[in-house]
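A quick write-up on the structure given underneath.
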Amino acid sequence: RVRLVESGGDSVQAGGSLTLSCVLSEYTYYPKAVAWFRQVPGEAREAVAAIWNGRTGEGVDYGASVKGRFTISQDNPRDTVYLQMTDLKPEDSGMYYCAAELRRWIPLSQYEYVNWGQGTQVTVHS
């Protein structure tokens with residue numbers, strides 16, 4: 001089991017930037033994959049970004065709507081995964097969740113993650 005705590009959510013103007021943090025703790029083994037998802041009330045949870053540690057090294061992937069604007073990274077000694085968000089748009093608004101531990105190796109699938117944080121709210125004003 002992994003405990004995940006997100007922070008960094010805020011209210012910003014369109015075109016602005018934010019960096020979210022996800023601190024991992026209470027794990028026996030550091031999870032091989034950690035991802036960010038977001039959700040707006042009444043809508044499905046959307047994959048934002050995932051980062052993993054594989055045999056060939058670190059890998060990342062992004063949801064189509066954020067590619068080129070968001071960057072996921074990890075600071076292993078500090079047990080933290082970051083999501084740097086730039087050129088924010090009103091449609092980026094939502095509750096952002098951190099997730100870890102995959103059942104099956106599908107890093108951008110919300111259905112495969114075992115552990116979830118409580119979320120941090122991002123609001124982008126036009």
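All residue names refer to the structure tokens as shown: chains lettered A, B, ... in order, residues numbered from 1 in each chain, ligands numbered from 1 in order.
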
Exercise. Just list the residues in chain A DSSP gives strand (DSSP E or B) on the backbone, as a ChimeraX atom specification.
Key: /A:3-7,11-13,18-25,33-39,46-54,57-62,70-75,80-85,94-102,113-116,120-125

* To do: Find the residues around A:Leu83 up to 12 Å (only C-alpha atoms counted), leave out those fewer than 5 positions away in its own chain, and share them as an MDAnalysis selection string.
  => chainID A and resid 6:9 17:23 34:38 48:51 60 62 66 69:75 96:98 120

task: Excluding A:Tyr30 and residues on its chain fewer than 2 positions from it, collect all residues at most 10 Å away from it, counting only C-alpha atoms, and give them as a PyMOL selection string.
output: chain A and resi 1-2+24-28+32-34+53+76+79+100-101

Would you mind exporting N, CA and C atoms of the selected residues as a PDB file, in the first residue's frame?
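Just written: selection14.pdb:
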```pdb
ATOM      1  N   ARG A   1       0.840  -1.185   0.000  1.00  0.00           N
ATOM      2  CA  ARG A   1       0.000   0.000   0.000  1.00  0.00           C
ATOM      3  C   ARG A   1       0.878   1.238   0.000  1.00  0.00           C
ATOM      4  N   VAL A   2       0.450   2.283  -0.705  1.00  0.00           N
ATOM      5  CA  VAL A   2       1.211   3.540  -0.794  1.00  0.00           C
ATOM      6  C   VAL A   2       0.296   4.683  -0.381  1.00  0.00           C
ATOM      7  N   LEU A  24       4.930  10.532  -1.795  1.00  0.00           N
ATOM      8  CA  LEU A  24       4.647   9.123  -1.544  1.00  0.00           C
ATOM      9  C   LEU A  24       5.240   8.703  -0.207  1.00  0.00           C
ATOM     10  N   SER A  25       4.501   7.883   0.546  1.00  0.00           N
ATOM     11  CA  SER A  25       5.009   7.396   1.823  1.00  0.00           C
ATOM     12  C   SER A  25       4.331   6.073   2.163  1.00  0.00           C
ATOM     13  N   GLU A  26       4.789   5.466   3.234  1.00  0.00           N
ATOM     14  CA  GLU A  26       4.214   4.229   3.790  1.00  0.00           C
ATOM     15  C   GLU A  26       4.236   3.081   2.790  1.00  0.00           C
ATOM     16  N   TYR A  27       5.229   3.039   1.933  1.00  0.00           N
ATOM     17  CA  TYR A  27       5.322   1.943   0.981  1.00  0.00           C
ATOM     18  C   TYR A  27       6.429   0.994   1.399  1.00  0.00           C
ATOM     19  N   THR A  28       6.258  -0.252   0.977  1.00  0.00           N
ATOM     20  CA  THR A  28       7.310  -1.238   1.199  1.00  0.00           C
ATOM     21  C   THR A  28       8.311  -1.175   0.048  1.00  0.00           C
ATOM     22  N   LYS A  32       6.399   1.180  -9.213  1.00  0.00           N
ATOM     23  CA  LYS A  32       7.045   1.264 -10.517  1.00  0.00           C
ATOM     24  C   LYS A  32       6.438   2.360 -11.383  1.00  0.00           C
ATOM     25  N   ALA A  33       5.175   2.705 -11.135  1.00  0.00           N
ATOM     26  CA  ALA A  33       4.516   3.734 -11.935  1.00  0.00           C
ATOM     27  C   ALA A  33       3.690   4.651 -11.035  1.00  0.00           C
ATOM     28  N   VAL A  34       3.731   5.932 -11.346  1.00  0.00           N
ATOM     29  CA  VAL A  34       2.924   6.938 -10.667  1.00  0.00           C
ATOM     30  C   VAL A  34       2.301   7.817 -11.744  1.00  0.00           C
ATOM     31  N   ASN A  53       9.456   3.522 -13.897  1.00  0.00           N
ATOM     32  CA  ASN A  53      10.835   3.068 -13.892  1.00  0.00           C
ATOM     33  C   ASN A  53      10.857   1.641 -14.416  1.00  0.00           C
ATOM     34  N   ASN A  76      13.244  10.988  -6.610  1.00  0.00           N
ATOM     35  CA  ASN A  76      13.172   9.786  -5.779  1.00  0.00           C
ATOM     36  C   ASN A  76      13.670   9.979  -4.347  1.00  0.00           C
ATOM     37  N   ASP A  79      10.929  11.252  -2.537  1.00  0.00           N
ATOM     38  CA  ASP A  79       9.666  10.527  -2.692  1.00  0.00           C
ATOM     39  C   ASP A  79       8.561  11.418  -3.243  1.00  0.00           C
ATOM     40  N   ALA A 100      -0.860   5.459  -7.796  1.00  0.00           N
ATOM     41  CA  ALA A 100       0.344   4.628  -7.849  1.00  0.00           C
ATOM     42  C   ALA A 100      -0.033   3.160  -7.781  1.00  0.00           C
ATOM     43  N   GLU A 101       0.885   2.333  -8.219  1.00  0.00           N
ATOM     44  CA  GLU A 101       0.739   0.870  -8.220  1.00  0.00           C
ATOM     45  C   GLU A 101      -0.261   0.386  -9.262  1.00  0.00           C
TER      46      GLU A 101
END
```

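Of the listed residues A:Gly54, A:Gly63, A:Gly15, A:Gly119, the one whose atoms come nearest to A:Val40 is A:Gly119, with distances taken using only C-alpha atoms.
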
Problem set entry | Exercise: A:Pro90 partners within 9 Å, only C-alpha atoms, chain neighbours under 5 positions left out, as a VMD selection string | chain A and resid 13 to 14 123 to 126

Limited to C-alpha atoms, could you put the picked residues into a file as a PDB file, in the first residue's frame?
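That gives us result.pdb:
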```
ATOM      1  CA  GLN A  13      -5.371  32.948 -14.957  1.00  0.00           C
ATOM      2  CA  ALA A  14      -5.332  31.313 -18.369  1.00  0.00           C
ATOM      3  CA  THR A 123      -9.010  26.329 -11.306  1.00  0.00           C
ATOM      4  CA  VAL A 124      -8.049  28.249 -14.434  1.00  0.00           C
ATOM      5  CA  HIS A 125      -9.910  31.489 -15.139  1.00  0.00           C
ATOM      6  CA  SER A 126     -10.307  32.868 -18.640  1.00  0.00           C
TER       7      SER A 126
END
```

_Residues within 12 Å of A:Ala44, please, as a PyMOL selection string. Count only C-alpha atoms; anything in the same chain fewer than 3 positions from it doesn't count._
chain A and resi 37-41+47+94-95+109-111

Expressed in Å, the length from atom CA of A:Lys89 to atom CA of A:Trp116 is 24.9 Å

- Query: DSSP on the backbone: what in stretch 37-91 of chain A comes out helix (DSSP H, G or I), as a PyMOL selection string?
  - Reply: chain A and resi 76-78+90-91

Could those selected residues go to a file with C-alpha atoms, as a PDB file, in the first residue's frame?
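So the final result, stored in part_8.pdb, reads:
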```pdb
ATOM      1  CA  ASN A  76      13.172   9.786  -5.779  1.00  0.00           C
ATOM      2  CA  PRO A  77      15.232  10.820  -2.757  1.00  0.00           C
ATOM      3  CA  ARG A  78      12.342  13.062  -1.717  1.00  0.00           C
ATOM      4  CA  PRO A  90      -9.836  26.898 -18.511  1.00  0.00           C
ATOM      5  CA  GLU A  91     -10.430  23.305 -19.637  1.00  0.00           C
TER       6      GLU A  91
END
```
